[in-house]
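Heads up: the structure comes next, in structure tokens.
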Amino acid sequence: MTTPIQLAEQLSATTLLRFATAGSVDDGKSTLVGRLLHDSKSVLTDQLEAVALASTNRGQEAPDLALLTDGLRAEREQGITIDVAYRYFATPRRRFILADTPGHVQYTRNMVTGASTAELAVVLVDARNGVVEQTRRHAAVAALLRVPHVVLAVNKMDLVDYAEPVFAAIAEEFTAYAASLGVPEITAIPISALAGDNVVEPSAHMDWYGGPTVLEHLETVPVSHDLTACHARFPVQYVIRPQTAEHPDYRGYAGQIAAGVFRVGETVSVLPSGRTTTIEGIDALGESVDIAWAPQSVTIRLADDIDVSRGDLIAPASDTPATTQDVEATVCHVADQPLTVGQRVLLKHTTRTVKAIVKDIPSRLTLDDLSQHPAPGQLVANDIGRVVVRTAEPLALDAYADSRRTGSFLLIDPADGTTLSAGMAGASFAAANGGEAEADTSAEDAEWDF
């Protein structure tokens with residue numbers, strides 16, 4: 001029998017995959033997740049009993065596996081997913097963090113939350129309906145968020161008599177669309193989540209399919225968590241200045257290394273000021289170390305006494321991001337209130353929050369044909385568009401294509417702290433269709449004039 005210590009050692013030796021599921025309404029996302037958890041023996045007995053009881057109370061003969069993830073009362077009553085449901089499970093080969101995201105168009109913003117940290121997205125399509133607008137929307141979000149792996153799960157194959165031509169036509173259409181968005185890898189798998197075909201076990205009804213099951217693909221897809229090869233970035237979260245008898249002159253800058261490697265003696269720049277110094281010491285878990293790497297949380301001590309505060313970014317002097325007050329980006333608007341030209345917002349980037357004004361909204365993406373609707377004037381909930389934002393202070397942003405961590409930001413309502421939009425700095429697939437509009441340089445409100 002495996003002891004808890006042995007199990008912990010086995011899990012620590014396996015890799016971690018973060019993935020999200022998405023799809024249109026009633027495509028079977030929650031059923032797929034429930035089947036995945038059930039057939040991989042990742043559900044506790046009391047959970048199965050609770051699901052069986054809830055299914056019986058609803059007049060269903062068999063347990064509804066979708067209830068394993070649809071936890072809100074409204075979700076169970078309507079049979080839909082509203083909020084993002086996170087589940088954690090493991091197999092002997094890999095650990096998983098799964099985000100089950102909603103299918104309704106008004107909840108597309110929730111997919112942004114679930115897919116923002118995902119390395120793989122599973123997009124479900126009902127074999128009877130094929131690729132619909134919401135399918136395109138989810139593919140676009142996955143592409144914008146630079147999710148490196150996308151799985152097309154053509155569900156409900158049992159309702160089309162497991163016909164290979166139906167699967168082939170859907171796979172061809174989706175693959176062409178996702179490839180045009182720049183998705184680097186697309187894997188199509190025919191499944192029946194309700195019957196369990198090709199979810200964990202190979203299907204006996206589709207001998208024409210010779211690829212992996214969903215779980216097999218999740219277990220074997222190559223995932224790299226090596227952030228040490230990325231541009232080294234250290235956002236300062238807190239300044240440690242104890243001023244005690246034991247440490248009268250100690251001054252350290254604490255935070256989590258966003259990417260890359262830092263070494264004692266390395267020449268670094270502090271942004272946005274641009275001041276250059278060297279790393280005098282690195283403290284990790286109460287001890288001095290010579291080297292630290294992402295995603296460790298450390299305290300960095302600098303050789304020179306320069307002004308460094310929360311929100312500053314420490315980077316190698318030879319590899320610093322450009323600082324700018326004019327941020328051009330693609331955003332997914334997530335708030336119910338619209339985002340308008342001239343609107344005053346707060347921009348949160350890593351540990352830094354600054355005042356900003358929306359100078360221009362050059363275009364809004366039309367998902368049907370990936371065309372740009374020019375100068376829409378505003379973005380409403382679930383819209384994807386290009387924006388130009390002018391900040392009160394310089395920011396050191398990487399392009400999102402280079403770093404998902406230091407190339408992303410949030411636009412926040414300064415009045416109540418509501419998140420308005422999730423932004424990705426730099427170019428995107430949307431920019432390929434045309435040039436960017438020039439930012440409006442007209443005068444703003446005097447309180448926010450920068």
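Order determines the names: the first chain of the structure tokens is A, the second B, and so forth; residues in each chain are numbered 1 upward, and ligands are numbered 1 upward as they are shown.
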
Please extract the residues of segment 291-390 of chain A with a backbone DSSP assignment of strand (DSSP E) and present them as a PyMOL selection string. chain A and resi 291-293+297-302+313-316+323-333+339-340+344-349+352-366+371-374+378-379+384-390

Output C-alpha atoms for every residue in the selection just made, as a CSV table (one decimal), in the first residue's frame.
```
chain,number,residue,atom,x,y,z
A,291,ILE,CA,21.4,32.6,-7.3
A,292,ALA,CA,17.6,32.7,-7.4
A,293,TRP,CA,15.2,31.9,-10.2
A,297,SER,CA,10.0,34.6,-3.6
A,298,VAL,CA,13.2,36.3,-2.4
A,299,THR,CA,14.6,39.5,-1.0
A,300,ILE,CA,17.2,41.3,-3.2
A,301,ARG,CA,19.8,43.6,-1.6
A,302,LEU,CA,21.4,46.2,-3.8
A,313,LEU,CA,11.0,46.5,-11.7
A,314,ILE,CA,14.5,45.1,-11.3
A,315,ALA,CA,16.0,43.6,-14.5
A,316,PRO,CA,19.5,42.9,-15.9
A,323,THR,CA,9.5,52.1,-20.5
A,324,THR,CA,6.5,53.9,-21.9
A,325,GLN,CA,3.5,56.0,-21.0
A,326,ASP,CA,1.6,55.0,-24.2
A,327,VAL,CA,0.4,51.4,-23.9
A,328,GLU,CA,-1.0,49.8,-27.0
A,329,ALA,CA,-2.7,46.5,-26.3
A,330,THR,CA,-5.5,44.1,-27.0
A,331,VAL,CA,-8.1,43.9,-24.2
A,332,CYS,CA,-10.9,41.5,-23.3
A,333,HIS,CA,-13.5,43.7,-21.6
A,339,LEU,CA,-15.0,51.0,-21.7
A,340,THR,CA,-15.1,54.4,-23.5
A,344,ARG,CA,-10.2,57.6,-16.5
A,345,VAL,CA,-8.9,54.2,-15.2
A,346,LEU,CA,-6.2,52.6,-13.1
A,347,LEU,CA,-3.7,50.4,-14.8
A,348,LYS,CA,-2.3,47.6,-12.7
A,349,HIS,CA,0.8,45.9,-14.0
A,352,ARG,CA,2.5,48.7,-9.9
A,353,THR,CA,-0.8,50.6,-10.2
A,354,VAL,CA,-0.9,54.0,-12.0
A,355,LYS,CA,-3.5,56.4,-13.2
A,356,ALA,CA,-4.3,56.3,-16.9
A,357,ILE,CA,-6.7,57.5,-19.6
A,358,VAL,CA,-8.1,55.5,-22.4
A,359,LYS,CA,-6.9,57.6,-25.3
A,360,ASP,CA,-8.3,55.6,-28.2
A,361,ILE,CA,-10.1,52.4,-29.1
A,362,PRO,CA,-8.9,51.9,-32.7
A,363,SER,CA,-10.9,48.7,-33.4
A,364,ARG,CA,-13.2,46.0,-32.1
A,365,LEU,CA,-12.7,42.4,-33.3
A,366,THR,CA,-15.5,40.8,-35.3
A,371,SER,CA,-12.3,41.6,-39.4
A,372,GLN,CA,-11.8,44.9,-37.5
A,373,HIS,CA,-14.7,47.2,-36.8
A,374,PRO,CA,-12.9,50.6,-36.8
A,378,GLN,CA,-16.5,51.8,-26.7
A,379,LEU,CA,-16.1,48.2,-25.7
A,384,ILE,CA,-12.3,42.1,-27.7
A,385,GLY,CA,-10.6,45.1,-29.1
A,386,ARG,CA,-7.4,47.2,-29.4
A,387,VAL,CA,-6.9,50.2,-27.1
A,388,VAL,CA,-4.3,52.9,-26.6
A,389,VAL,CA,-3.9,53.9,-22.9
A,390,ARG,CA,-1.8,56.9,-21.7
```

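Rounded to one decimal, atom CA of Val334 of chain A and atom CA of Thr419 of chain A lie 7.3 Å from each other.
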
Please list as JSON, numbers by chain every residue within 6 Å of Ile257 of chain A, counting only C-alpha atoms and excluding residues in the same chain fewer than 6 positions away. {"A": [234, 294, 295, 296]}

Using only C-alpha atoms: which of A:Glu185, A:Asp39, A:Asp161, A:Asp312 has the shortest distance to Val236 of chain A: A:Asp312

Using only C-alpha atoms, which protein or nucleic acid residues come within 8 Å of Leu145 of chain A? Drop anything in the same chain fewer than 3 positions from it, and give the result as a PyMOL selection string. chain A and resi 112+115-116+141-142+404+424

Restricting it to C-alpha atoms, dump the selection as a PDB file, in the first residue's frame.
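That gives us selection37.pdb:
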```pdb
ATOM      1  CA  VAL A 112     -10.365  34.904 -19.621  1.00  0.00           C
ATOM      2  CA  ALA A 115      -7.411  30.480 -19.391  1.00  0.00           C
ATOM      3  CA  SER A 116      -5.077  33.295 -18.318  1.00  0.00           C
ATOM      4  CA  VAL A 141      -9.509  34.149 -26.421  1.00  0.00           C
ATOM      5  CA  ALA A 142      -7.144  31.167 -26.292  1.00  0.00           C
ATOM      6  CA  ARG A 404       2.543  36.368 -20.206  1.00  0.00           C
ATOM      7  CA  MET A 424      -2.184  42.085 -23.285  1.00  0.00           C
TER       8      MET A 424
END
```

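Of the residues listed (A:His149, A:Arg93, A:Arg241, A:His231), A:His149 shows the shortest atom-to-atom separation from Val122 of chain A; distances use only C-alpha atoms.
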
Going by DSSP on the backbone, which residues of segment 243-437 of chain A come out as helix (DSSP H, G or I)? List them as a list in words. Phe429, Ala430, Ala431, Ala432 and Asn433 of chain A

Export all heavy atoms of the chosen residues as a short mmCIF file (atom, residue, chain, number, x, y, z; two decimals), in the first residue's frame?
```cif
data_model
loop_
_atom_site.label_atom_id
_atom_site.label_comp_id
_atom_site.auth_asym_id
_atom_site.auth_seq_id
_atom_site.Cartn_x
_atom_site.Cartn_y
_atom_site.Cartn_z
N PHE A 429 -2.89 38.89 -32.91
CA PHE A 429 -3.34 38.49 -34.24
C PHE A 429 -4.25 39.56 -34.84
O PHE A 429 -4.35 39.71 -36.04
CB PHE A 429 -4.07 37.14 -34.20
CG PHE A 429 -5.36 37.14 -33.42
CD1 PHE A 429 -6.53 37.59 -34.00
CD2 PHE A 429 -5.39 36.70 -32.12
CE1 PHE A 429 -7.72 37.59 -33.30
CE2 PHE A 429 -6.58 36.70 -31.41
CZ PHE A 429 -7.74 37.14 -32.00
N ALA A 430 -4.90 40.35 -33.99
CA ALA A 430 -5.80 41.39 -34.49
C ALA A 430 -5.05 42.47 -35.24
O ALA A 430 -5.56 43.06 -36.19
CB ALA A 430 -6.59 42.00 -33.34
N ALA A 431 -3.82 42.75 -34.83
CA ALA A 431 -3.04 43.82 -35.45
C ALA A 431 -2.57 43.44 -36.85
O ALA A 431 -2.16 44.30 -37.61
CB ALA A 431 -1.85 44.16 -34.58
N ALA A 432 -2.64 42.18 -37.19
CA ALA A 432 -2.13 41.74 -38.49
C ALA A 432 -3.01 42.19 -39.65
O ALA A 432 -2.56 42.25 -40.79
CB ALA A 432 -2.00 40.22 -38.51
N ASN A 433 -4.24 42.54 -39.35
CA ASN A 433 -5.16 42.91 -40.42
C ASN A 433 -5.08 44.36 -40.84
O ASN A 433 -5.73 44.79 -41.77
CB ASN A 433 -6.60 42.60 -39.98
CG ASN A 433 -6.83 41.11 -39.86
OD1 ASN A 433 -6.16 40.33 -40.50
ND2 ASN A 433 -7.79 40.73 -39.03
#
```

Tell me which of A:Val270, A:Ala188, A:Ala245, A:Ala425 sits closest to Val308 of chain A, counting only C-alpha atoms. A:Val270

For a test of reading the model, state the distance in Å between atom CA of Gly210 of chain A and atom CA of Val125 of chain A, rounded to one decimal. 19.7 Å

Contacts of Leu124 of chain A within 7 Å, only C-alpha atoms, excl. fewer than 2 positions in-chain, as number ranges by chain: A: 22-23, 27, 29, 122, 126, 152-155

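The smallest atom-to-atom distance between Arg137 of chain A and any of A:Leu194, A:Val150, A:Ala392, A:Leu370, using only C-alpha atoms, is found for A:Leu370.
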